Structure formats: structure tokens, C-alpha cells
>>> print(open('coords_23.txt').read())   # compact mmCIF, C-alpha atoms
# COMPACT_ATOMS: atom_id res chain seq x y z
CA MET R 15 -5.55 -21.80 -1.99
CA PHE R 16 -5.90 -19.98 1.35
CA HIS R 17 -2.90 -20.57 3.54
CA GLU R 18 -2.12 -19.33 7.05
CA MET R 19 1.63 -19.10 7.42
CA PRO R 20 3.19 -18.70 10.90
CA VAL R 21 5.98 -16.14 11.30
CA ARG R 22 8.19 -16.15 14.40
CA THR R 23 9.78 -12.81 15.28
CA ARG R 24 12.63 -12.35 17.75
CA ARG R 25 12.89 -8.62 18.44
CA ARG R 26 10.55 -5.67 19.04
CA SER R 27 11.22 -4.33 15.56
CA GLU R 28 12.44 -6.59 12.77
CA LEU R 29 12.06 -7.31 9.06
CA VAL R 30 11.88 -11.07 8.40
CA ASP R 31 12.53 -12.37 4.88
CA ILE R 32 9.60 -14.68 3.98
CA THR R 33 10.31 -14.94 0.23
CA ALA R 34 11.22 -18.66 0.25
CA ASP R 35 8.02 -19.54 2.15
CA ILE R 36 5.91 -17.58 -0.35
CA GLN R 37 7.62 -19.29 -3.29
CA ALA R 38 6.98 -22.72 -1.72
CA ILE R 39 3.27 -21.94 -1.23
CA VAL R 40 2.99 -20.73 -4.84
CA GLU R 41 4.67 -23.93 -6.10
CA ARG R 42 2.33 -26.15 -4.07
CA SER R 43 -0.71 -24.19 -5.33
CA GLY R 44 -0.08 -25.28 -8.91
CA VAL R 45 -1.01 -21.77 -10.13
CA LYS R 46 1.04 -20.88 -13.22
CA ASP R 47 -0.03 -17.31 -14.00
CA GLY R 48 -1.60 -15.06 -11.47
CA LEU R 49 -1.06 -13.14 -8.28
CA CYS R 50 -0.11 -14.06 -4.76
CA HIS R 51 -1.89 -11.99 -2.10
CA LEU R 52 -0.31 -11.61 1.32
CA PHE R 53 -2.36 -10.27 4.22
CA VAL R 54 -1.16 -9.57 7.75
CA PRO R 55 -4.05 -10.01 10.24
CA HIS R 56 -2.31 -7.90 12.90
CA THR R 57 -2.41 -4.20 13.78
CA THR R 58 1.21 -3.74 14.87
CA ALA R 59 2.91 -5.54 11.97
CA ALA R 60 3.04 -5.02 8.19
CA ILE R 61 4.48 -6.35 4.95
CA THR R 62 6.88 -4.78 2.48
CA ILE R 63 9.01 -5.66 -0.53
CA ASN R 64 12.52 -4.23 -0.52
CA GLU R 65 16.21 -5.09 -0.88
CA LYS R 66 17.53 -8.44 0.31
CA ALA R 67 21.22 -8.23 -0.74
CA ASP R 68 22.52 -6.00 2.04
CA PRO R 69 20.94 -6.64 5.47
CA ASP R 70 21.83 -3.04 6.36
CA VAL R 71 18.95 -1.87 4.16
CA ARG R 72 16.33 -3.58 6.28
CA ARG R 73 18.00 -2.21 9.42
CA ASP R 74 17.97 1.30 7.91
CA ILE R 75 14.27 0.91 7.10
CA GLY R 76 13.46 -0.17 10.65
CA GLU R 77 15.54 2.54 12.28
CA THR R 78 14.31 5.31 10.01
CA LEU R 79 10.71 4.34 10.75
CA SER R 80 11.56 4.50 14.47
CA LYS R 81 13.02 7.98 14.07
CA MET R 82 9.91 9.13 12.20
CA VAL R 83 7.53 7.48 14.69
CA PRO R 84 9.26 7.38 18.10
CA GLU R 85 8.24 4.69 20.59
CA GLY R 86 7.42 7.15 23.37
CA GLY R 87 5.78 9.95 21.47
CA GLY R 88 3.08 11.29 23.74
CA TYR R 89 0.36 8.99 22.45
CA LEU R 90 -3.17 8.58 23.82
CA HIS R 91 -3.37 4.77 23.54
CA ALA R 92 -2.38 3.33 26.92
CA GLU R 93 -0.74 0.10 25.76
CA GLY R 94 2.53 1.83 24.82
CA ASN R 95 2.62 0.48 21.27
CA SER R 96 1.00 3.32 19.29
CA ASP R 97 4.22 3.70 17.31
CA ALA R 98 3.76 0.14 16.03
CA HIS R 99 0.16 0.88 14.97
CA VAL R 100 1.27 3.98 13.04
CA LYS R 101 4.11 2.08 11.32
CA SER R 102 1.65 -0.65 10.34
CA THR R 103 -0.54 1.93 8.59
CA LEU R 104 2.47 3.59 6.90
CA VAL R 105 3.87 0.33 5.51
CA GLY R 106 0.55 -1.49 5.00
CA VAL R 107 -0.77 -4.96 5.83
CA SER R 108 -1.23 -6.21 2.24
CA ALA R 109 1.15 -7.03 -0.58
CA PHE R 110 0.84 -8.68 -3.97
CA VAL R 111 3.52 -10.58 -5.85
CA PRO R 112 3.05 -11.48 -9.52
CA VAL R 113 3.20 -15.20 -10.43
CA ARG R 114 4.47 -16.26 -13.85
CA ASP R 115 5.23 -19.79 -15.08
CA GLY R 116 4.65 -21.09 -11.56
CA ASP R 117 7.20 -18.78 -9.90
CA ILE R 118 6.90 -15.54 -8.01
CA VAL R 119 8.20 -12.58 -10.02
CA LEU R 120 10.42 -10.17 -8.11
CA GLY R 121 13.10 -7.73 -9.19
CA THR R 122 16.74 -8.82 -8.90
CA TRP R 123 17.22 -7.19 -5.49
CA GLN R 124 13.72 -7.67 -4.08
CA ALA R 125 12.53 -9.91 -1.27
CA VAL R 126 9.26 -10.02 0.70
CA PHE R 127 9.61 -8.96 4.32
CA PHE R 128 7.23 -9.48 7.22
CA CYS R 129 7.62 -6.32 9.34
CA GLU R 130 7.38 -6.82 13.09
CA PHE R 131 6.90 -3.57 15.02
CA ASP R 132 5.80 -4.86 18.45
CA GLY R 133 7.51 -8.20 18.95
CA PRO R 134 8.82 -10.65 19.67
CA ARG R 135 5.71 -12.70 18.92
CA THR R 136 4.36 -15.58 16.92
CA ARG R 137 2.54 -13.94 14.04
CA SER R 138 0.74 -15.17 10.97
CA CYS R 139 0.47 -14.13 7.36
CA LEU R 140 -2.51 -15.15 5.20
CA VAL R 141 -1.52 -16.17 1.67
CA ARG R 142 -3.81 -16.70 -1.29
CA VAL R 143 -2.60 -17.64 -4.75
CA MET R 144 -4.96 -16.58 -7.55
CA ASN R 145 -5.12 -17.73 -11.12
CA THR R 146 -5.66 -14.72 -13.36
CA GLY R 147 -6.03 -16.73 -16.56
CA MET N 22 -1.79 -10.04 -20.18
CA PHE N 23 1.60 -9.55 -18.53
CA HIS N 24 3.32 -6.46 -19.78
CA GLU N 25 6.72 -4.99 -18.90
CA MET N 26 6.57 -1.26 -19.41
CA PRO N 27 9.80 0.81 -19.54
CA VAL N 28 9.86 4.09 -17.60
CA ARG N 29 12.60 6.66 -18.21
CA THR N 30 13.35 8.99 -15.31
CA ARG N 31 15.39 12.18 -15.54
CA ARG N 32 16.15 13.28 -11.99
CA ARG N 33 17.16 11.69 -8.69
CA SER N 34 13.64 12.13 -7.31
CA GLU N 35 10.65 12.49 -9.60
CA LEU N 36 7.01 11.47 -10.02
CA VAL N 37 6.28 10.44 -13.63
CA ASP N 38 2.66 10.34 -14.83
CA ILE N 39 2.13 6.90 -16.46
CA THR N 40 -1.67 7.03 -16.65
CA ALA N 41 -1.90 7.17 -20.46
CA ASP N 42 0.41 4.16 -20.81
CA ILE N 43 -1.71 2.15 -18.36
CA GLN N 44 -4.90 3.08 -20.18
CA ALA N 45 -3.35 1.98 -23.52
CA ILE N 46 -2.31 -1.39 -22.04
CA VAL N 47 -5.82 -1.91 -20.62
CA GLU N 48 -7.39 -1.10 -24.00
CA ARG N 49 -5.10 -3.53 -25.82
CA SER N 50 -5.85 -6.26 -23.25
CA GLY N 51 -9.53 -6.35 -24.22
CA VAL N 52 -10.50 -6.73 -20.54
CA LYS N 53 -13.81 -4.98 -19.89
CA ASP N 54 -14.33 -5.41 -16.16
CA GLY N 55 -11.52 -6.14 -13.79
CA LEU N 56 -8.42 -4.78 -12.20
CA CYS N 57 -5.10 -3.57 -13.49
CA HIS N 58 -2.16 -4.53 -11.25
CA LEU N 59 1.02 -2.45 -11.38
CA PHE N 60 4.21 -3.79 -9.83
CA VAL N 61 7.56 -1.99 -9.57
CA PRO N 62 10.42 -4.56 -9.57
CA HIS N 63 12.86 -2.07 -8.01
CA THR N 64 13.86 -1.32 -4.41
CA THR N 65 14.42 2.44 -4.73
CA ALA N 66 11.25 3.34 -6.65
CA ALA N 67 7.52 3.05 -5.98
CA ILE N 68 4.06 3.74 -7.37
CA THR N 69 1.31 6.05 -6.15
CA ILE N 70 -1.99 7.53 -7.25
CA ASN N 71 -2.44 11.22 -6.55
CA GLU N 72 -3.36 14.59 -8.09
CA LYS N 73 -2.47 15.38 -11.70
CA ALA N 74 -4.03 18.84 -12.14
CA ASP N 75 -1.41 20.93 -10.36
CA PRO N 76 2.21 19.73 -10.88
CA ASP N 77 3.06 21.45 -7.58
CA VAL N 78 1.32 18.60 -5.75
CA ARG N 79 3.74 15.99 -7.03
CA ARG N 80 6.65 18.30 -6.18
CA ASP N 81 5.27 18.78 -2.67
CA ILE N 82 4.98 15.00 -2.28
CA GLY N 83 8.59 14.48 -3.39
CA GLU N 84 9.97 17.26 -1.23
CA THR N 85 7.98 16.30 1.86
CA LEU N 86 9.21 12.72 1.56
CA SER N 87 12.76 14.07 1.33
CA LYS N 88 12.26 16.14 4.49
CA MET N 89 10.89 13.09 6.33
CA VAL N 90 13.65 10.79 5.04
CA PRO N 91 16.79 12.90 4.41
CA GLU N 92 19.31 11.72 1.83
CA GLY N 93 22.26 11.80 4.23
CA GLY N 94 20.68 10.54 7.42
CA GLY N 95 23.37 8.47 9.11
CA TYR N 96 22.41 5.19 7.48
CA LEU N 97 24.27 1.86 7.69
CA HIS N 98 23.90 0.87 4.00
CA ALA N 99 27.06 2.00 2.21
CA GLU N 100 25.58 2.80 -1.21
CA GLY N 101 24.23 6.19 -0.10
CA ASN N 102 20.67 5.53 -1.22
CA SER N 103 19.04 4.26 1.96
CA ASP N 104 16.63 7.19 1.83
CA ALA N 105 15.33 5.85 -1.49
CA HIS N 106 14.81 2.36 -0.02
CA VAL N 107 12.83 3.79 2.91
CA LYS N 108 10.67 5.94 0.60
CA SER N 109 9.97 2.87 -1.54
CA THR N 110 8.62 1.03 1.52
CA LEU N 111 6.57 4.04 2.65
CA VAL N 112 4.90 4.58 -0.74
CA GLY N 113 4.82 0.92 -1.85
CA VAL N 114 5.73 -0.96 -5.03
CA SER N 115 2.22 -2.13 -5.97
CA ALA N 116 -0.94 -0.36 -7.08
CA PHE N 117 -4.30 -1.46 -8.44
CA VAL N 118 -6.61 0.50 -10.71
CA PRO N 119 -10.20 -0.65 -11.30
CA VAL N 120 -11.22 -1.37 -14.90
CA ARG N 121 -14.82 -0.83 -16.00
CA ASP N 122 -16.24 -0.96 -19.53
CA GLY N 123 -12.71 -1.30 -20.90
CA ASP N 124 -11.37 1.88 -19.23
CA ILE N 125 -9.37 2.48 -16.09
CA VAL N 126 -11.45 4.07 -13.35
CA LEU N 127 -9.83 6.97 -11.53
CA GLY N 128 -11.23 9.91 -9.61
CA THR N 129 -11.48 13.28 -11.39
CA TRP N 130 -8.13 14.52 -10.09
CA GLN N 131 -6.25 11.23 -9.96
CA ALA N 132 -3.34 10.01 -12.07
CA VAL N 133 -0.95 7.08 -11.65
CA PHE N 134 2.63 8.11 -10.89
CA PHE N 135 5.82 6.09 -11.10
CA CYS N 136 7.96 7.39 -8.20
CA GLU N 137 11.69 7.57 -8.85
CA PHE N 138 13.77 8.02 -5.68
CA ASP N 139 17.28 7.17 -6.93
CA GLY N 140 17.44 8.23 -10.57
CA PRO N 141 17.89 9.09 -13.26
CA ARG N 142 17.53 5.55 -14.61
CA THR N 143 15.66 3.40 -17.05
CA ARG N 144 13.12 1.58 -14.92
CA SER N 145 10.31 -0.83 -15.60
CA CYS N 146 6.80 -1.38 -14.33
CA LEU N 147 5.07 -4.77 -14.62
CA VAL N 148 1.42 -4.49 -15.62
CA ARG N 149 -1.18 -7.23 -15.52
CA VAL N 150 -4.82 -6.71 -16.49
CA MET N 151 -7.21 -9.16 -14.85
CA ASN N 152 -10.75 -10.04 -15.74
CA THR N 153 -12.80 -10.26 -12.55
CA GLY N 154 -15.96 -11.50 -14.22
CA MET W 22 -19.96 -6.49 -8.36
CA PHE W 23 -18.80 -2.86 -8.64
CA HIS W 24 -20.22 -0.75 -5.86
CA GLU W 25 -19.82 2.95 -5.12
CA MET W 26 -20.20 3.48 -1.41
CA PRO W 27 -20.72 7.01 -0.01
CA VAL W 28 -18.73 7.99 3.09
CA ARG W 29 -19.64 11.08 5.11
CA THR W 30 -16.82 12.67 7.06
CA ARG W 31 -17.26 15.26 9.81
CA ARG W 32 -13.81 16.70 10.53
CA ARG W 33 -10.72 17.82 8.59
CA SER W 34 -8.86 14.69 9.63
CA GLU W 35 -10.68 11.55 10.69
CA LEU W 36 -10.60 7.75 10.43
CA VAL W 37 -14.09 6.35 9.77
CA ASP W 38 -14.74 2.64 10.44
CA ILE W 39 -16.40 1.22 7.27
CA THR W 40 -16.03 -2.48 8.15
CA ALA W 41 -19.75 -3.19 8.54
CA ASP W 42 -20.52 -1.59 5.16
CA ILE W 43 -17.84 -3.71 3.47
CA GLN W 44 -19.16 -6.89 5.10
CA ALA W 45 -22.71 -6.04 3.90
CA ILE W 46 -21.51 -5.52 0.32
CA VAL W 47 -19.60 -8.82 0.42
CA GLU W 48 -22.70 -10.65 1.71
CA ARG W 49 -24.91 -9.17 -1.02
CA SER W 50 -22.34 -10.10 -3.71
CA GLY W 51 -22.76 -13.81 -3.02
CA VAL W 52 -19.00 -14.32 -3.39
CA LYS W 53 -17.82 -17.10 -1.06
CA ASP W 54 -14.06 -17.18 -1.60
CA GLY W 55 -12.13 -14.29 -2.99
CA LEU W 56 -10.98 -10.79 -2.36
CA CYS W 57 -12.71 -7.49 -1.74
CA HIS W 58 -10.94 -4.52 -3.38
CA LEU W 59 -11.47 -1.04 -1.96
CA PHE W 60 -10.44 2.01 -3.97
CA VAL W 61 -10.63 5.64 -2.88
CA PRO W 62 -11.12 7.91 -5.94
CA HIS W 63 -9.83 10.98 -4.07
CA THR W 64 -6.40 12.58 -3.72
CA THR W 65 -6.71 13.85 -0.14
CA ALA W 66 -8.12 10.70 1.46
CA ALA W 67 -6.91 7.10 1.87
CA ILE W 68 -7.78 3.69 3.30
CA THR W 69 -6.11 1.65 6.02
CA ILE W 70 -6.68 -1.41 8.17
CA ASN W 71 -5.81 -1.01 11.83
CA GLU W 72 -7.10 -1.42 15.39
CA LYS W 73 -10.76 -0.91 16.18
CA ALA W 74 -10.89 -1.79 19.91
CA ASP W 75 -9.47 1.43 21.35
CA PRO W 76 -10.53 4.63 19.52
CA ASP W 77 -7.34 6.25 20.83
CA VAL W 78 -5.36 4.23 18.28
CA ARG W 79 -7.05 5.89 15.33
CA ARG W 80 -6.56 9.28 16.98
CA ASP W 81 -2.86 8.53 17.52
CA ILE W 82 -2.55 7.54 13.84
CA GLY W 83 -4.19 10.77 12.69
CA GLU W 84 -2.17 12.97 15.03
CA THR W 85 1.14 11.26 14.31
CA LEU W 86 0.58 11.70 10.57
CA SER W 87 -0.12 15.40 11.23
CA LYS W 88 3.13 15.75 13.16
CA MET W 89 5.06 14.06 10.35
CA VAL W 90 3.31 16.10 7.63
CA PRO W 91 2.30 19.47 9.14
CA GLU W 92 -0.66 21.35 7.63
CA GLY W 93 1.32 24.54 7.01
CA GLY W 94 4.64 23.18 5.88
CA GLY W 95 5.90 25.60 3.24
CA TYR W 96 4.29 23.80 0.31
CA LEU W 97 4.14 24.96 -3.32
CA HIS W 98 0.53 23.92 -4.02
CA ALA W 99 -1.67 26.96 -3.41
CA GLU W 100 -4.81 25.23 -2.16
CA GLY W 101 -3.42 24.75 1.36
CA ASN W 102 -4.04 21.00 1.47
CA SER W 103 -0.68 19.60 0.35
CA ASP W 104 -0.38 17.82 3.70
CA ALA W 105 -3.53 15.85 2.83
CA HIS W 106 -2.09 14.84 -0.57
CA VAL W 107 1.13 13.61 1.04
CA LYS W 108 -0.78 11.64 3.71
CA SER W 109 -2.88 10.04 0.96
CA THR W 110 0.28 8.78 -0.76
CA LEU W 111 1.78 7.55 2.53
CA VAL W 112 -1.31 5.57 3.57
CA GLY W 113 -2.50 4.62 0.07
CA VAL W 114 -5.84 4.68 -1.76
CA SER W 115 -6.28 0.92 -2.19
CA ALA W 116 -6.88 -1.94 0.23
CA PHE W 117 -7.77 -5.60 -0.12
CA VAL W 118 -9.62 -7.75 2.37
CA PRO W 119 -9.71 -11.55 1.99
CA VAL W 120 -13.17 -13.17 1.68
CA ARG W 121 -13.71 -16.71 2.98
CA ASP W 122 -17.00 -18.59 3.32
CA GLY W 123 -18.86 -15.42 2.38
CA ASP W 124 -17.32 -13.25 5.13
CA ILE W 125 -14.48 -10.77 5.16
CA VAL W 126 -11.43 -12.10 6.96
CA LEU W 127 -9.79 -9.69 9.39
CA GLY W 128 -7.59 -10.19 12.43
CA THR W 129 -9.23 -10.01 15.87
CA TRP W 130 -8.39 -6.34 16.37
CA GLN W 131 -8.63 -5.16 12.76
CA ALA W 132 -11.18 -2.87 11.12
CA VAL W 133 -11.20 -1.07 7.76
CA PHE W 134 -10.92 2.71 8.04
CA PHE W 135 -11.64 5.37 5.46
CA CYS W 136 -9.06 8.10 6.15
CA GLU W 137 -10.22 11.67 5.63
CA PHE W 138 -7.38 14.21 5.50
CA ASP W 139 -9.16 17.27 4.04
CA GLY W 140 -12.74 17.15 5.24
CA PRO W 141 -15.46 17.40 6.16
CA ARG W 142 -16.83 16.14 2.85
CA THR W 143 -19.04 13.56 1.24
CA ARG W 144 -16.61 11.02 -0.17
CA SER W 145 -16.96 7.72 -1.93
CA CYS W 146 -15.21 4.37 -1.86
CA LEU W 147 -15.34 1.98 -4.83
CA VAL W 148 -15.79 -1.64 -3.80
CA ARG W 149 -15.39 -4.71 -5.96
CA VAL W 150 -15.81 -8.28 -4.70
CA MET W 151 -13.89 -10.85 -6.74
CA ASN W 152 -14.29 -14.59 -6.86
CA THR W 153 -10.85 -16.19 -6.86
CA GLY W 154 -12.09 -19.74 -7.34
>>> encode(input="coords_23.txt", output="C-alpha cells")
Amino acid sequence: MFHEMPVRTRRRSELVDITADIQAIVERSGVKDGLCHLFVPHTTAAITINEKADPDVRRDIGETLSKMVPEGGGYLHAEGNSDAHVKSTLVGVSAFVPVRDGDIVLGTWQAVFFCEFDGPRTRSCLVRVMNTG
Amino acid sequence: MFHEMPVRTRRRSELVDITADIQAIVERSGVKDGLCHLFVPHTTAAITINEKADPDVRRDIGETLSKMVPEGGGYLHAEGNSDAHVKSTLVGVSAFVPVRDGDIVLGTWQAVFFCEFDGPRTRSCLVRVMNTG
Amino acid sequence: MFHEMPVRTRRRSELVDITADIQAIVERSGVKDGLCHLFVPHTTAAITINEKADPDVRRDIGETLSKMVPEGGGYLHAEGNSDAHVKSTLVGVSAFVPVRDGDIVLGTWQAVFFCEFDGPRTRSCLVRVMNTG
């Protein structure tokens, strides 16, 4: 029930749709009613649920976050990626998706996005599917 | 145990106190010790837990978010509600409230707020009460 | 399984590493595989998971939040701590940490931080360790 899913990112800042992978893990788990917990074990990445229909939405999210938290912003941390750490805390490293009748439950326009803020890298996302009875 | 709760919003941006509805669903569930999971199946709304005593706090939250993420901010997405999508990702579409002795557990000043960022609309919030043994 | 953990903060704005306390509570719970839920019952504090190695990262997070949400920002709420309420909603009052083989599971650089935004105060964090089977 505890799955480590690799996620390959291709740019410094990017939202990657991982909905199909989550659905496949939930199906294999055999859990019918419960919750799927997603956890990002990184400090410069995050996870969010937002619109999938128009790819411009995910670009607007990424660019607005970069306006709010500029890359070179007079930070103390010497590695030059403090902006990515701040974005990770703003968006959060955990998400939950309801599971009903063996499927993930999302709104019509929703998808699950892995948020890369300091890529490109090979990342991972920990997934656990829980039966809630 | 899986409940779809309607939420009616009346303005474009608004925080609606849904604490009493959550408490009623928890009572009806019969769960004594566990967690209540709230999930917003929308991409321009969110959920947060913050102060209920002074209504000015929720107004300050809404207005500060609007200063950080302006409505007309040079976005790519053509529908004119990119600000609402970004706010949804910043605040988040999921929340959990502890349940103890059949009641939700919140701090003295806390309430659960449905956050509308692109209303007015009829929205919904998915609620699941889990027994954690 | 429901633990109220005190947290002492020493400045107005501060990120306090509570990872060791969480790990101790998980060990005492006897839960081998599951999730640890952390809930902050305050409206001017929050919880996040971010980098522990370089203390400058947590300072950058605190200072960047203060630039985004200034302390004196023309708020309605008369208590002078609206910035702390907004930060609490941006960062969030809940976090989950996976538990595997009796230990919390975090990435190499991750730690759990209690975020004080209106201290110094004696705060608390509610902790529940759940068996997910």
C-alpha cells in the first residue's frame, strides 16, 4: 500500500500532471472506499490539485508564484534556490484524494500536479492508499 | 460516510463559515474518534481554518490574497479567473479536522471556512468522516 | 493516540523544528504503518515541512512571508496581527507525515516545523498517529 512513484521533470519550474499514475496505483491497491495520500519527500517541490483543461492555468500558477517569490530575492541561503523552498511551503508537500468505488474522486476540471520548483530532476512522490471502511 | 455538502456563495470572493455543517455531519456519522476530511472539487475555490470571532479577519484574508494575486494580472488563461486558480493552490482544496468523543476538535478561535474566489456560485464540499480506532 | 504537544516559541515569527518530538510520539504509539496527523489549534500559527540542514532556509521562508504579507498592511482587524492570520492560511494548520516500520518517513533534507507568526507564546500541536493497515 506504500508506493514510491518516480517523477521526471524537465524545467526549473513546472507542474506535471500525475493523475493517471495515481489512478493506476489506486486501482492496483484494490481499495474501494478510502483516501489516497500523496507525499513529496523534497524541499523544493510540492503537490497541488488544480485545473487540467487549459494548460495556461498551470503556467499562470507557476508564473504568478515566481512573481510573488522571485528567484533572486536577496535570500540568506547560499544555494540560490530559496525561492523554491518558499514555494514548497506555500503550496505544500501533501495532498489527499478521495477514493470511491475503486476510483479517485476529483472535480470535473481537477487534476493532481507534481510541482517542480528547482528542476529539472528525477523526483519521487510517496503514495499510500487507505481503506476508510 | 461520504457526504456531498452544497455551499452557496454570494460574492466573487468570500469566506463562508461551514463549521456547524461539518459538526452536524460528524454527529450523524456516529464516529467517536477519528478525522473528518473535507475536499473541495473545484479549481477556483479552497478551504481554510482560521479565526471566527472577528469577521474582519476573514475580510483581511480575502483582501490580502487579492493584493498578492491581482484579478487582472496579465495572465495567459483567457477566462479571466486565473487569480482564483492561483489562490486555490495557495490555500489548498483539502482540510482535516480531528474528531474526539463525537465532536470536531478546533481551537477556541478556529472555524472552518469554504473559500470562494470566483463566485457567486453553488459549490460543493465532499466530507468523509473516518474512524481512526 | 491523541496527543497534545506543547510548543514554546521565543520570537514574533519563528520556525521551530518539532521532528524529534513527532518521532518520539510515533514510537510510543506502537503504530508500525500509517500516518501521523499534526493539527495546530491556533489562528496565527501553522505547520510546514521543509529543509532542516541550513537554518538560513527557515529564515528565508519567514522573511519572504513577511515581505509578501507585511505586518502593518492596512488591515481591518484591530488586533494588529492580521498578517499572522493570513500567513496561517497560506501555510496551513495541518500536516501529515507517513509512518513506516514504526518511524516517520521524511525526505533526506526534510524536517517538520511549527510556524509561529504572532509570538512569543506557549502553543500546542495536536498529534494523532493512525494505523492504516
>>> closest_residue(input="coords_23.txt", among="N:Ala132, N:Val112, N:Met151, N:Cys57", to="Thr40 of chain N", atoms="only C-alpha atoms")
N:Ala132
>>> interface_residues(input="coords_23.txt", of="chain W", to="chain R", cutoff="10 Å", atoms="all atoms listed in the file", output="ChimeraX atom specification")
/W:54-56,68-73,75-86,88-89,108,110-113,115-121,126-132,152-154
>>> residues_near_point(input="coords_23.txt", point="(-10.6, 6.6, 10.8)", cutoff="6 Å", atoms="only C-alpha atoms", output="PyMOL selection string")
chain W and resi 35-38+79+134-136
>>> residues_around(input="coords_23.txt", residues="Arg31 of chain W", least_positions_apart="5", cutoff="12 Å", atoms="only C-alpha atoms", output="list of chain:residue names")
W:Leu36, W:Val37, W:Cys136, W:Glu137, W:Phe138, W:Asp139, W:Gly140, W:Pro141, W:Arg142, W:Thr143, W:Arg144
>>> atom_distance(input="coords_23.txt", atom1="atom CA of Glu18 of chain R", atom2="atom CA of Cys139 of chain R")
5.8 Å
>>> axis_aligned_box(input="coords_23.txt", around="segment 115-128 of chain N", padding_each_side="8 Å", output="lines of an AutoDock Vina configuration file")
center_x = -7.0
center_y = 3.9
center_z = -13.4
size_x = 34.5
size_y = 28.0
size_z = 30.9
>>> atom_distance(input="coords_23.txt", atom1="atom CA of Lys53 of chain N", atom2="atom CA of Met26 of chain N")
20.7 Å
>>> atom_distance(input="coords_23.txt", atom1="atom CA of Glu92 of chain W", atom2="atom CA of Ile39 of chain W")
25.6 Å
>>> decode(input="coords_23.txt", residues="segment 48-59 of chain R", atoms="N, CA and C atoms", output="compact mmCIF listing (two decimals), in the first residue's frame")
# COMPACT_ATOMS: atom_id res chain seq x y z
N GLY R 48 -11.96 5.03 0.38
CA GLY R 48 -10.91 5.49 1.27
C GLY R 48 -10.30 6.79 0.80
N LEU R 49 -9.00 6.89 1.06
CA LEU R 49 -8.27 8.11 0.73
C LEU R 49 -6.92 7.72 0.16
N CYS R 50 -6.45 8.50 -0.77
CA CYS R 50 -5.11 8.32 -1.31
C CYS R 50 -4.25 9.49 -0.82
N HIS R 51 -3.19 9.17 -0.08
CA HIS R 51 -2.29 10.21 0.43
C HIS R 51 -1.05 10.30 -0.45
N LEU R 52 -0.75 11.52 -0.85
CA LEU R 52 0.43 11.80 -1.67
C LEU R 52 1.39 12.64 -0.84
N PHE R 53 2.66 12.26 -0.83
CA PHE R 53 3.65 12.97 -0.03
C PHE R 53 4.92 13.17 -0.85
N VAL R 54 5.36 14.41 -0.94
CA VAL R 54 6.56 14.76 -1.70
C VAL R 54 7.74 14.85 -0.72
N PRO R 55 8.71 13.94 -0.83
CA PRO R 55 9.83 13.93 0.14
C PRO R 55 10.96 14.88 -0.25
N HIS R 56 10.61 16.02 -0.82
CA HIS R 56 11.59 17.01 -1.28
C HIS R 56 11.26 18.38 -0.69
N THR R 57 12.26 19.26 -0.63
CA THR R 57 12.05 20.57 -0.01
C THR R 57 11.97 21.71 -1.02
N THR R 58 12.07 21.37 -2.29
CA THR R 58 11.94 22.41 -3.34
C THR R 58 10.93 21.95 -4.40
N ALA R 59 9.96 21.16 -3.97
CA ALA R 59 8.88 20.69 -4.84
C ALA R 59 7.62 20.68 -3.98
